[in-house]
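Worksheet: one structure, shown below.
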Amino acid sequence: MDSLFDAARQCLDAADPAEKVALTHRHFAALQRGGLAIPQDAPPPEPIRMPGRPPRPRLVHPRDLPKRGLGSDEGKAAFLHAIAHIELNAIDLGWDAVYRFRGLPEQFYLDWARVADDEARHFAMLRQRLQECGYDYGDFDAHNGLWEMCEKTAQDGLARMALVPRVLEARGLDVTPGMIERLRTMGDTRTVAVLEVILREEVSHVAAGSRWYRWYCEQRGVEPRQRFRELLQEYASGYLRGPFNLEARLLAGFDEDELLALQQQAG
């Protein structure tokens, strides 16, 4: 396999999570050492209805997911499972950006393949922690919201960069610090260590979204702040919930006007 686009599609199509992780690491390593070409004359991408998924977890509407507290072993496992599911989806989101959008600068593909590689490592760490708690990935129901937004923005790289990394994935910047503190007070230092790695690296992932969102705006002659407000209104009103981690979002490439737009949209 010598095309990055073929490699990305193979990772997307892999249904077994362990295989998806292994393929991601293998192909990103090949890309780094120059073993995968990025052809400028590649044909358009083929449609992707859904990436490969294992038979479980069952995907349900978010409102049908039961509320569980962290006070029980099952509740903690359900929390780990929910984060692991997000990270598995994030592998596909990274590879989908690589596969879907053609004719872009080489750095775009390097950035999103690197994100996919990081997310694969995050998923593996969370799955290991879940197994240490006596459970495994697939033991709880999950939802498909991340991939649904991926489909909604499939034809527009600008909207993808604005909404997937900078809205949906950035939600982790807002909620993870509070979860870390709560788990620390419970004495769960192993889960805290995993979440601290994820939080630190997710800042750079959201920053990649910010960087390429502004690149798209510059290419199209679009004012990025106003367009971000419009995209939030068009696509993301139901996804926004405060409070926002303003410090982390500033590090991830948001400016004051964009943070104000988020806060206004979230009410």
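Chain lettering (A, B, ...) mirrors the order of the structure tokens, residue numbering begins at 1 for each chain separately, and ligand numbering begins at 1 in order of display.
Within the 8 Å cut-off around segment 190-196 of chain A, using only C-alpha atoms and omitting residues fewer than 6 positions from it on the same chain, the listed residues are His122, Met125, Leu126, Arg129, Thr176, Ile180, Leu183 and Arg184 of chain A.
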### Task
Name all residues at most 12 Å from Ala42 of chain A (count only C-alpha atoms; drop same-chain ones fewer than 6 positions away) and give them as a PyMOL selection string.
chain A and resi 3-6+99-104
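Relative to atom CA of Ile198 of chain A, atom CA of Gln265 of chain A is found at 26.6 Å.
Minimum atom-to-atom distance to Val203 of chain A, evaluated using only C-alpha atoms, belongs to A:Phe254 out of A:Tyr239, A:Tyr216, A:Phe254, A:Phe228.
Residues lying within 12 Å of Gln233 of chain A, counting only C-alpha atoms and ignoring same-chain neighbours fewer than 5 positions away, are A:Leu163, A:Gln226, A:Arg227, A:Phe228, A:Gly238, A:Tyr239, A:Leu240, A:Ala261, A:Leu262, A:Gln264, A:Gln265, A:Ala266.
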### Query
Quick one: residues within 10 Å of Val60 of chain A, only C-alpha atoms counted, chain neighbours fewer than 3 positions away excluded, as number ranges by chain?
A: 57, 63-65, 141-145
Take the selection from the previous step and output its residues with N, CA and C atoms, as a short mmCIF file (atom, residue, chain, number, x, y, z; two decimals), in the first residue's frame.
```
data_model
loop_
_atom_site.label_atom_id
_atom_site.label_comp_id
_atom_site.auth_asym_id
_atom_site.auth_seq_id
_atom_site.Cartn_x
_atom_site.Cartn_y
_atom_site.Cartn_z
N PRO A 57 -20.38 -1.63 20.85
CA PRO A 57 -21.62 -1.29 21.55
C PRO A 57 -22.79 -1.03 20.62
N ARG A 63 -30.36 10.49 24.40
CA ARG A 63 -31.32 10.56 25.51
C ARG A 63 -31.63 9.18 26.10
N ASP A 64 -31.30 8.11 25.34
CA ASP A 64 -31.57 6.75 25.82
C ASP A 64 -30.41 6.16 26.61
N LEU A 65 -29.32 6.92 26.76
CA LEU A 65 -28.21 6.44 27.57
C LEU A 65 -28.51 6.70 29.04
N ASP A 141 -24.01 0.72 26.08
CA ASP A 141 -24.50 1.39 24.88
C ASP A 141 -23.74 2.70 24.66
N ALA A 142 -23.81 3.21 23.43
CA ALA A 142 -23.13 4.46 23.08
C ALA A 142 -23.98 5.19 22.04
N HIS A 143 -23.56 6.41 21.67
CA HIS A 143 -24.29 7.16 20.65
C HIS A 143 -23.35 7.47 19.48
N ASN A 144 -23.92 8.02 18.42
CA ASN A 144 -23.18 8.19 17.16
C ASN A 144 -23.06 9.66 16.77
N GLY A 145 -23.12 10.57 17.75
CA GLY A 145 -23.18 11.99 17.44
C GLY A 145 -21.96 12.52 16.71
#
```
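Counting only C-alpha atoms and comparing A:Phe108, A:Ala113, A:Leu59, A:Ala8, the residue that lies closest to Phe28 of chain A is A:Ala113.
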### Task
Write out as an MDAnalysis selection string each polymer residue whose atoms come within 12 Å of Arg26 of chain A, counting only C-alpha atoms; drop sequence neighbours fewer than 6 positions from it.
chainID A and resid 1 4 7:8 10:11 19:20 32:33 35:36 113:114 116:117 120
Kindly export the residues of the current selection with N, CA and C atoms, as a PDB file, in the first residue's frame.
```pdb
ATOM      1  N   MET A   1       0.857  -1.185   0.000  1.00  0.00           N
ATOM      2  CA  MET A   1       0.000   0.000   0.000  1.00  0.00           C
ATOM      3  C   MET A   1       0.895   1.238   0.000  1.00  0.00           C
ATOM      4  N   LEU A   4      -1.485   7.283   0.752  1.00  0.00           N
ATOM      5  CA  LEU A   4      -2.049   7.652   2.039  1.00  0.00           C
ATOM      6  C   LEU A   4      -3.566   7.539   2.033  1.00  0.00           C
ATOM      7  N   ALA A   7      -4.496   3.995   2.586  1.00  0.00           N
ATOM      8  CA  ALA A   7      -4.225   3.639   3.981  1.00  0.00           C
ATOM      9  C   ALA A   7      -5.307   4.192   4.895  1.00  0.00           C
ATOM     10  N   ALA A   8      -5.715   5.437   4.651  1.00  0.00           N
ATOM     11  CA  ALA A   8      -6.760   6.038   5.468  1.00  0.00           C
ATOM     12  C   ALA A   8      -8.059   5.262   5.344  1.00  0.00           C
ATOM     13  N   GLN A  10      -8.415   2.119   4.619  1.00  0.00           N
ATOM     14  CA  GLN A  10      -8.285   0.838   5.307  1.00  0.00           C
ATOM     15  C   GLN A  10      -8.529   1.002   6.803  1.00  0.00           C
ATOM     16  N   CYS A  11      -7.998   2.062   7.375  1.00  0.00           N
ATOM     17  CA  CYS A  11      -8.229   2.316   8.798  1.00  0.00           C
ATOM     18  C   CYS A  11      -9.701   2.602   9.069  1.00  0.00           C
ATOM     19  N   GLU A  19      -7.713  -3.861  15.599  1.00  0.00           N
ATOM     20  CA  GLU A  19      -7.146  -3.773  14.257  1.00  0.00           C
ATOM     21  C   GLU A  19      -7.072  -2.315  13.800  1.00  0.00           C
ATOM     22  N   LYS A  20      -8.101  -1.525  14.101  1.00  0.00           N
ATOM     23  CA  LYS A  20      -8.103  -0.108  13.718  1.00  0.00           C
ATOM     24  C   LYS A  20      -6.931   0.613  14.382  1.00  0.00           C
ATOM     25  N   GLN A  32       5.351   8.880   8.245  1.00  0.00           N
ATOM     26  CA  GLN A  32       6.471   9.645   8.806  1.00  0.00           C
ATOM     27  C   GLN A  32       7.802   9.318   8.130  1.00  0.00           C
ATOM     28  N   ARG A  33       7.976   8.062   7.753  1.00  0.00           N
ATOM     29  CA  ARG A  33       9.265   7.686   7.140  1.00  0.00           C
ATOM     30  C   ARG A  33       9.241   7.808   5.619  1.00  0.00           C
ATOM     31  N   GLY A  35       6.973   6.472   3.497  1.00  0.00           N
ATOM     32  CA  GLY A  35       6.534   5.262   2.818  1.00  0.00           C
ATOM     33  C   GLY A  35       5.145   5.332   2.231  1.00  0.00           C
ATOM     34  N   LEU A  36       4.435   6.456   2.400  1.00  0.00           N
ATOM     35  CA  LEU A  36       3.109   6.620   1.824  1.00  0.00           C
ATOM     36  C   LEU A  36       3.072   7.895   1.000  1.00  0.00           C
ATOM     37  N   ALA A 113      -3.314  12.801  10.238  1.00  0.00           N
ATOM     38  CA  ALA A 113      -2.842  11.440  10.487  1.00  0.00           C
ATOM     39  C   ALA A 113      -2.215  11.342  11.874  1.00  0.00           C
ATOM     40  N   ARG A 114      -1.508  12.402  12.287  1.00  0.00           N
ATOM     41  CA  ARG A 114      -0.933  12.426  13.636  1.00  0.00           C
ATOM     42  C   ARG A 114      -2.039  12.439  14.692  1.00  0.00           C
ATOM     43  N   ALA A 116      -5.033  11.128  14.353  1.00  0.00           N
ATOM     44  CA  ALA A 116      -5.573   9.767  14.393  1.00  0.00           C
ATOM     45  C   ALA A 116      -4.666   8.845  15.203  1.00  0.00           C
ATOM     46  N   ASP A 117      -3.358   8.994  15.050  1.00  0.00           N
ATOM     47  CA  ASP A 117      -2.405   8.165  15.790  1.00  0.00           C
ATOM     48  C   ASP A 117      -2.512   8.422  17.292  1.00  0.00           C
ATOM     49  N   ALA A 120      -5.728   6.870  18.611  1.00  0.00           N
ATOM     50  CA  ALA A 120      -5.611   5.416  18.744  1.00  0.00           C
ATOM     51  C   ALA A 120      -4.916   5.048  20.052  1.00  0.00           C
TER      52      ALA A 120
END
```
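Closest to Val98 of chain A among A:Leu259, A:Ala208, A:Leu110, A:Leu23 is A:Leu110, based on only C-alpha atoms.
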### Shell around Pro165 of chain A at 12 Å using only C-alpha atoms, local window under 3 positions removed, as a PyMOL selection string
chain A and resi 90+93-94+97+112+115+146+149-150+153+157-162+168-173+202-213+249+252-254
Deliver the residues from the most recent selection as a file, using N, CA, C and O atoms, as a compact mmCIF listing (two decimals), in the first residue's frame.
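File out-v1.txt, as written:
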```txt
# COMPACT_ATOMS: atom_id res chain seq x y z
N ALA A 90 -12.88 9.37 17.29
CA ALA A 90 -11.91 10.40 16.91
C ALA A 90 -10.82 9.84 16.00
O ALA A 90 -10.26 10.57 15.17
N LEU A 93 -12.45 10.16 12.73
CA LEU A 93 -12.56 11.56 12.32
C LEU A 93 -11.23 12.06 11.74
O LEU A 93 -11.22 12.81 10.76
N GLY A 94 -10.13 11.66 12.37
CA GLY A 94 -8.83 12.05 11.84
C GLY A 94 -8.59 11.45 10.46
O GLY A 94 -8.20 12.15 9.52
N ALA A 97 -10.78 13.02 7.67
CA ALA A 97 -10.25 14.29 7.16
C ALA A 97 -9.15 14.02 6.13
O ALA A 97 -9.07 14.69 5.09
N TRP A 112 -3.52 15.55 10.45
CA TRP A 112 -4.68 14.73 10.81
C TRP A 112 -4.34 13.26 10.93
O TRP A 112 -4.98 12.54 11.72
N VAL A 115 -3.10 13.20 14.44
CA VAL A 115 -4.23 13.20 15.37
C VAL A 115 -4.81 11.80 15.49
O VAL A 115 -5.08 11.31 16.60
N LEU A 146 -20.77 12.05 17.06
CA LEU A 146 -19.57 12.55 16.41
C LEU A 146 -19.57 12.21 14.92
O LEU A 146 -19.27 13.06 14.08
N MET A 149 -22.04 14.35 12.80
CA MET A 149 -21.53 15.66 12.40
C MET A 149 -20.49 15.53 11.30
O MET A 149 -20.39 16.39 10.42
N CYS A 150 -19.74 14.45 11.32
CA CYS A 150 -18.77 14.19 10.26
C CYS A 150 -19.49 14.08 8.92
O CYS A 150 -19.05 14.65 7.91
N THR A 153 -20.78 17.48 7.49
CA THR A 153 -19.74 18.37 6.97
C THR A 153 -18.87 17.69 5.93
O THR A 153 -17.78 18.17 5.62
N GLY A 157 -14.76 21.25 3.75
CA GLY A 157 -13.64 21.19 4.70
C GLY A 157 -13.65 22.33 5.69
O GLY A 157 -13.26 22.15 6.84
N LEU A 158 -14.10 23.50 5.27
CA LEU A 158 -14.16 24.64 6.19
C LEU A 158 -15.12 24.35 7.34
O LEU A 158 -14.78 24.55 8.52
N ALA A 159 -16.31 23.87 7.01
CA ALA A 159 -17.28 23.54 8.06
C ALA A 159 -16.76 22.40 8.94
O ALA A 159 -16.96 22.40 10.16
N ARG A 160 -16.08 21.41 8.32
CA ARG A 160 -15.54 20.30 9.12
C ARG A 160 -14.55 20.82 10.16
O ARG A 160 -14.62 20.44 11.33
N MET A 161 -13.62 21.67 9.73
CA MET A 161 -12.62 22.16 10.65
C MET A 161 -13.24 23.03 11.75
O MET A 161 -12.80 23.01 12.90
N ALA A 162 -14.28 23.77 11.40
CA ALA A 162 -14.92 24.64 12.39
C ALA A 162 -15.69 23.84 13.43
O ALA A 162 -15.67 24.19 14.61
N LEU A 168 -17.21 19.85 18.72
CA LEU A 168 -17.47 18.55 19.36
C LEU A 168 -16.27 18.05 20.14
O LEU A 168 -16.38 17.69 21.33
N GLU A 169 -15.11 17.99 19.50
CA GLU A 169 -13.94 17.48 20.22
C GLU A 169 -13.47 18.44 21.30
O GLU A 169 -12.96 18.02 22.34
N ALA A 170 -13.67 19.73 21.09
CA ALA A 170 -13.26 20.72 22.10
C ALA A 170 -14.08 20.61 23.37
O ALA A 170 -13.68 21.13 24.41
N ARG A 171 -15.21 19.93 23.30
CA ARG A 171 -16.01 19.72 24.52
C ARG A 171 -15.18 19.03 25.59
O ARG A 171 -15.36 19.28 26.78
N GLY A 172 -14.26 18.16 25.16
CA GLY A 172 -13.41 17.49 26.14
C GLY A 172 -12.54 18.44 26.92
O GLY A 172 -12.21 18.18 28.09
N LEU A 173 -12.13 19.56 26.30
CA LEU A 173 -11.34 20.56 27.02
C LEU A 173 -12.13 21.17 28.17
O LEU A 173 -11.56 21.58 29.18
N GLU A 202 -5.22 16.76 23.52
CA GLU A 202 -6.39 17.25 22.81
C GLU A 202 -6.29 18.75 22.53
O GLU A 202 -6.89 19.24 21.56
N VAL A 203 -5.57 19.49 23.34
CA VAL A 203 -5.38 20.91 23.05
C VAL A 203 -4.74 21.07 21.68
O VAL A 203 -5.16 21.91 20.86
N SER A 204 -3.73 20.25 21.38
CA SER A 204 -3.06 20.36 20.08
C SER A 204 -3.96 19.91 18.94
O SER A 204 -3.87 20.43 17.82
N HIS A 205 -4.87 18.96 19.21
CA HIS A 205 -5.80 18.51 18.17
C HIS A 205 -6.79 19.62 17.82
O HIS A 205 -7.06 19.87 16.63
N VAL A 206 -7.34 20.27 18.83
CA VAL A 206 -8.26 21.37 18.57
C VAL A 206 -7.52 22.52 17.89
O VAL A 206 -8.05 23.19 17.00
N ALA A 207 -6.27 22.73 18.29
CA ALA A 207 -5.46 23.78 17.66
C ALA A 207 -5.26 23.50 16.17
O ALA A 207 -5.25 24.43 15.35
N ALA A 208 -5.13 22.23 15.80
CA ALA A 208 -5.03 21.89 14.38
C ALA A 208 -6.31 22.27 13.65
O ALA A 208 -6.27 22.79 12.53
N GLY A 209 -7.45 22.03 14.29
CA GLY A 209 -8.71 22.45 13.70
C GLY A 209 -8.77 23.95 13.52
O GLY A 209 -9.22 24.46 12.48
N SER A 210 -8.32 24.70 14.53
CA SER A 210 -8.31 26.16 14.43
C SER A 210 -7.41 26.63 13.29
O SER A 210 -7.78 27.52 12.51
N ARG A 211 -6.25 26.02 13.19
CA ARG A 211 -5.28 26.42 12.18
C ARG A 211 -5.82 26.19 10.77
O ARG A 211 -5.75 27.08 9.90
N TRP A 212 -6.40 25.01 10.55
CA TRP A 212 -6.88 24.71 9.20
C TRP A 212 -8.21 25.38 8.92
O TRP A 212 -8.51 25.68 7.75
N TYR A 213 -9.02 25.66 9.92
CA TYR A 213 -10.22 26.46 9.70
C TYR A 213 -9.83 27.84 9.16
O TYR A 213 -10.39 28.31 8.17
N ARG A 249 -9.08 26.67 25.64
CA ARG A 249 -9.54 27.02 24.29
C ARG A 249 -8.67 28.12 23.68
O ARG A 249 -8.45 28.12 22.47
N ALA A 252 -5.82 26.50 22.35
CA ALA A 252 -6.18 25.70 21.19
C ALA A 252 -6.57 26.55 19.98
O ALA A 252 -7.11 26.02 19.01
N GLY A 253 -6.31 27.85 20.04
CA GLY A 253 -6.46 28.68 18.85
C GLY A 253 -7.72 29.49 18.75
O GLY A 253 -7.96 30.16 17.74
N PHE A 254 -8.58 29.47 19.78
CA PHE A 254 -9.75 30.34 19.78
C PHE A 254 -9.30 31.76 20.13
O PHE A 254 -8.33 31.95 20.86
```
### Query
Excluding same-chain residues fewer than 6 positions from Gly69 of chain A, what lies within 12 Å of it counting only C-alpha atoms, as JSON, numbers by chain?
{"A": [75, 76, 77, 78, 79, 80, 179, 182, 183]}
Could you save those same residues with all heavy atoms as a compact mmCIF listing (two decimals), in the first residue's frame?
```txt
# COMPACT_ATOMS: atom_id res chain seq x y z
N GLY A 75 -20.68 2.60 37.41
CA GLY A 75 -20.73 3.98 36.96
C GLY A 75 -19.39 4.45 36.45
O GLY A 75 -19.30 5.13 35.41
N LYS A 76 -18.32 4.10 37.15
CA LYS A 76 -16.98 4.49 36.69
C LYS A 76 -16.65 3.80 35.37
O LYS A 76 -16.09 4.42 34.46
CB LYS A 76 -15.93 4.14 37.74
CG LYS A 76 -14.53 4.63 37.38
CD LYS A 76 -13.49 4.14 38.37
CE LYS A 76 -13.72 4.70 39.74
NZ LYS A 76 -12.61 4.32 40.68
N ALA A 77 -17.02 2.52 35.24
CA ALA A 77 -16.77 1.81 33.99
C ALA A 77 -17.57 2.43 32.84
O ALA A 77 -17.05 2.54 31.72
CB ALA A 77 -17.13 0.33 34.16
N ALA A 78 -18.80 2.82 33.10
CA ALA A 78 -19.61 3.45 32.06
C ALA A 78 -18.99 4.77 31.62
O ALA A 78 -19.02 5.12 30.42
CB ALA A 78 -21.04 3.67 32.56
N PHE A 79 -18.43 5.51 32.56
CA PHE A 79 -17.73 6.76 32.22
C PHE A 79 -16.53 6.48 31.34
O PHE A 79 -16.33 7.13 30.30
CB PHE A 79 -17.31 7.47 33.51
CG PHE A 79 -16.28 8.54 33.31
CD1 PHE A 79 -16.62 9.76 32.75
CD2 PHE A 79 -14.95 8.31 33.67
CE1 PHE A 79 -15.65 10.73 32.54
CE2 PHE A 79 -13.99 9.29 33.48
CZ PHE A 79 -14.34 10.50 32.91
N LEU A 80 -15.70 5.51 31.74
CA LEU A 80 -14.53 5.15 30.93
C LEU A 80 -14.95 4.68 29.54
O LEU A 80 -14.30 5.02 28.53
CB LEU A 80 -13.74 4.05 31.63
CG LEU A 80 -12.92 4.46 32.85
CD1 LEU A 80 -12.49 3.22 33.64
CD2 LEU A 80 -11.71 5.28 32.44
N MET A 179 -13.61 16.31 35.68
CA MET A 179 -13.61 14.87 35.91
C MET A 179 -12.29 14.43 36.55
O MET A 179 -12.28 13.55 37.42
CB MET A 179 -13.82 14.13 34.60
CG MET A 179 -15.13 14.46 33.89
SD MET A 179 -16.59 14.31 34.96
CE MET A 179 -16.49 12.61 35.46
N ARG A 182 -12.46 15.26 40.24
CA ARG A 182 -13.35 14.37 40.98
C ARG A 182 -12.71 12.99 41.17
O ARG A 182 -12.78 12.40 42.25
CB ARG A 182 -14.68 14.24 40.24
CG ARG A 182 -15.70 13.44 41.03
CD ARG A 182 -17.08 13.52 40.46
NE ARG A 182 -17.99 12.71 41.23
CZ ARG A 182 -19.21 12.37 40.85
NH1 ARG A 182 -19.66 12.81 39.68
NH2 ARG A 182 -19.99 11.63 41.61
N LEU A 183 -12.11 12.46 40.12
CA LEU A 183 -11.46 11.16 40.22
C LEU A 183 -10.26 11.21 41.16
O LEU A 183 -9.98 10.24 41.87
CB LEU A 183 -11.04 10.67 38.84
CG LEU A 183 -12.20 10.27 37.92
CD1 LEU A 183 -11.74 10.21 36.48
CD2 LEU A 183 -12.77 8.91 38.34
```
### Task
Mind listing the helix (DSSP H, G or I) residues of segment 138-234 of chain A, per DSSP on the backbone, as a VMD selection string?
chain A and resid 145 to 152 157 to 169 171 to 185 189 to 220 224 to 234
